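> Have a look at this one before I ask anything.
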Amino acid sequence: MPKKNVVHWFRQDLRLSDNPALSAAIKAGSLIPIFIWDEDDKDTHALGAASRVWLHHSLHALNQSLSGKLRVFQGDAKTVLQQLCDEAGVQKVYWNRCYEPHAIARDSAIKQALSSSGIQNTSFNGSLLWEPWEITKADGLPYKIFTPFYRMAHLKGPRRHTLNLLAPSFSNAPPSRQAVDIDALALLPKLKWHETLFQHWQAGESAALQALETFAQGGVDTYSISRDFPAQNTTSRLSPHLHWGEISPQQAWERLQFEGDNENIEHFKRELAWREFSYYLIYHNPDIPSKNLKPRFDRFPWRQQTAQLKSWQCGQTGYPIIDAGMRELWQTGHMHNRVRMLVASFLVKNLMIDWRDGAAWFWDCLLDADLASNSASWQWVAGCGSDAAPYFRIFNPVTQGEKFDANGHYTRRFIPELERLPDRYLFRPWEAPTEVLTQAGVCLGDNYPRPMIDLKQSRGEALEAFKRLD
DNA sequence: TGAAATGTTGGGGCG
DNA sequence: ACGCCCCAACATTTC
């Protein structure tokens with residue numbers, strides 16, 4: 001007797017391994033693997049440009065590992081699913097949960113619609129170590145501080161890895177007329193900008209597993225310390241893979257656990273847990289992308305400085321470590337973690353520009369753009385998050401540059417016009433004697449900007465503004 | 001997962 | 001030998 005057709009709906013789980021919903025679907029019948037591009041340009045949560053590029057490549061990779069059987073649709077997800085189930089006689093639909101507020105709303109409406117037409121639908125946890133509702137304080141309320149959250153989560157232990165992926169038997173239901181080619185989704189921008197991005201990255205499950213392997217076999221050995229130095233590429237570089245679920249956090253967690261137990265591995269697990277905490281926060285605070293978690297920040301006098309925002313975005317602030325970071329973001333779709341903190345601190349605490357403007361730019365440019373992490377991290381930096389950096393913690397881009405990029409490898413890589421400026425002045429070119437600048441071919445205000453604001457003064461103003469919030 | 005301002009200490013130069 | 005000053009080095013406080 002032929003097996004019944006079942007649907008696995010791929011969303012942010014673009015992988016075959018450790019995929020609980022997919023495994024369940026494969027066990028249940030003949031597989032129709034689908035992806036639905038259901039985005040409307042008017043959506044406030046519409047994917048950023050870099051994310052779309054990643055998705056484009058990741059879908060191609062996924063389709064390849066499914067022997068070209070991935071069916072791609074465009075349009076309202078509920079309509080697409082209902083029509084597909086109807087056409088192909090599907091009685092069972094499987095997916096892994098998403099946790100963004102708009103996705104939760106969409107999915108619960110779909111769940112209801114499918115159930116009421118008698119179609120069984122089951123969702124799984126495919127992207128988090130801990131379900132956000134499972135970790136609570138003794139009084140049942142959600143944690144607001146990372147450390148106690150992590151302690152409790154640790155006690156529970158992470159979700160177990162899904163074993164035993166059976167080889168799928170694909171449904172031979174005729175392709176739906178609605179199915180479209182991945183390229184027809186037009187996820188790539190018209191400009192050639194995306195081609196430079198993908199000189200630095202490879203999307204898809206096998207690239208993700210390879211990145212994990214590389215990290216586990218070497219990168220992690222010095223992780224705790226060297227992760228702070230942007231010139232050393234010793235972070236895991238797993239973030240975009242994790243965002244799209246090309247790899248699960250369980251796979252990362254367990255692979256590193258296999259290497260043993262030391263300070264570096266502990267530290268990395270803690271970073272995975274920060275990702276979890278972001279999802280935890282957005283689940284319990286759906287407004288986190290747009291609303292200060294600390295309401296008193298609603299009175300903060302953010303400055304509407306379009307020109308200054310633009311200088312920051314383009315890496316033309318006159319502070320080399322800031323500009324290097326912003327240019328790294330534009331050129332590679334990525335920015336080193338420490339530098340993210342520096343540029344964010346500079347925007348919010350020196351320029352006094354709204355963190356939401358910074359978050360929006362990151363959202364558009366980052367290949368690893370993730371609503372939960374992006375929102376939670378910007379609120380953390382701005383000081384308006386629940387467990388946030390204290391407002392007075394303001395990074396000094398000169399000191400930080402000298403400390404974390406002492407030999408200037410990172411900064412010079414992204415700011416070639418400062419290539420020949422000696423280390424001594426690299427992070428403070430305005431202090432360099434004229435002849436040093438001339439010899440290095442630097443002309444301030446011409447081929448590299450003068451500092452756009454005074455650090456000491458802007459810091460003082462921000463601290464004043466903060467004090468007035470109390 | 002800060003930095004600046006302020007305070008304290010102790011060694012060395014010097015009269 | 002002693003007091004004095006200077007200042008680096010470190011510690012503490014404040015934002």
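A note on labels: chains of the structure tokens are A, B, ... as shown, every chain counts residues from 1, and ligands are counted from 1 in their shown order.
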Per residue of chain A within 9 Å of chain C, note the shortest atom pair and the distance in Å to one decimal, counting only C-alpha atoms (C1' of nucleotides), and order the rows by chain and increasing residue number, as a tab-separated table.

residue	atom	partner	partner_atom	distance
A:Phe392	CA	C:DC15	C1'	5.8
A:Arg393	CA	C:DC15	C1'	8.6
A:Leu463	CA	C:DC15	C1'	7.0
> Give me, as JSON, numbers by chain, the contact residues of chain A against chain B at a cut-off of 10 Å, counting only C-alpha atoms (C1' of nucleotides).
{"A": [228, 338, 341, 381, 389, 390, 392, 393, 394, 395, 396, 399, 400, 456]}
> Using DSSP on the backbone, list every residue of stretch 247-333 of chain A that comes out as alpha helix (DSSP H), and give them as a ChimeraX atom specification.
/A:249-258,263-284,306-314,320-332
> Compare A:Cys314, A:Val6, A:Met335, A:Ile110 by their minimum atom-to-atom distance to A:Thr235, counting only C-alpha atoms, and give me the closest one.
A:Met335
> Any idea what's packed within 12 Å of A:Asn447, counting only C-alpha atoms (C1' of nucleotides), ignoring anything in its chain fewer than 4 positions away? Could you give it as a list in words?
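After dropping sequence-adjacent residues, the list is Gln316, Gly318, Ile415, Pro416, Glu417, Leu418, Leu437, Thr438, Ala440, Gly441, Val442 and Cys443 of chain A.
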> Keeping only N, CA and C atoms, write the selected residues as a PDB file, in the first residue's frame.

ATOM      1  N   GLN A 316      32.527  56.343   8.193  1.00  0.00           N
ATOM      2  CA  GLN A 316      33.224  57.619   7.978  1.00  0.00           C
ATOM      3  C   GLN A 316      33.088  58.480   9.230  1.00  0.00           C
ATOM      4  N   GLY A 318      35.577  58.925  11.444  1.00  0.00           N
ATOM      5  CA  GLY A 318      36.870  59.489  11.846  1.00  0.00           C
ATOM      6  C   GLY A 318      37.513  58.738  12.998  1.00  0.00           C
ATOM      7  N   ILE A 415      40.479  49.737   6.433  1.00  0.00           N
ATOM      8  CA  ILE A 415      40.701  51.155   6.134  1.00  0.00           C
ATOM      9  C   ILE A 415      42.051  51.298   5.458  1.00  0.00           C
ATOM     10  N   PRO A 416      42.119  50.934   4.200  1.00  0.00           N
ATOM     11  CA  PRO A 416      43.417  50.956   3.505  1.00  0.00           C
ATOM     12  C   PRO A 416      44.048  52.344   3.492  1.00  0.00           C
ATOM     13  N   GLU A 417      43.256  53.388   3.567  1.00  0.00           N
ATOM     14  CA  GLU A 417      43.857  54.727   3.531  1.00  0.00           C
ATOM     15  C   GLU A 417      44.714  55.006   4.764  1.00  0.00           C
ATOM     16  N   LEU A 418      44.570  54.182   5.808  1.00  0.00           N
ATOM     17  CA  LEU A 418      45.404  54.386   6.996  1.00  0.00           C
ATOM     18  C   LEU A 418      46.518  53.339   7.090  1.00  0.00           C
ATOM     19  N   LEU A 437      51.594  62.282   9.067  1.00  0.00           N
ATOM     20  CA  LEU A 437      50.418  62.095   8.210  1.00  0.00           C
ATOM     21  C   LEU A 437      50.813  62.159   6.735  1.00  0.00           C
ATOM     22  N   THR A 438      51.603  63.164   6.406  1.00  0.00           N
ATOM     23  CA  THR A 438      52.018  63.331   5.010  1.00  0.00           C
ATOM     24  C   THR A 438      52.759  62.101   4.512  1.00  0.00           C
ATOM     25  N   ALA A 440      52.519  59.162   5.559  1.00  0.00           N
ATOM     26  CA  ALA A 440      51.626  58.004   5.439  1.00  0.00           C
ATOM     27  C   ALA A 440      50.582  58.196   4.347  1.00  0.00           C
ATOM     28  N   GLY A 441      50.617  59.346   3.721  1.00  0.00           N
ATOM     29  CA  GLY A 441      49.640  59.605   2.659  1.00  0.00           C
ATOM     30  C   GLY A 441      48.238  59.868   3.182  1.00  0.00           C
ATOM     31  N   VAL A 442      48.148  60.304   4.424  1.00  0.00           N
ATOM     32  CA  VAL A 442      46.841  60.581   5.009  1.00  0.00           C
ATOM     33  C   VAL A 442      46.610  62.083   5.023  1.00  0.00           C
ATOM     34  N   CYS A 443      45.478  62.479   4.505  1.00  0.00           N
ATOM     35  CA  CYS A 443      45.113  63.896   4.558  1.00  0.00           C
ATOM     36  C   CYS A 443      43.754  63.993   5.240  1.00  0.00           C
TER      37      CYS A 443
END
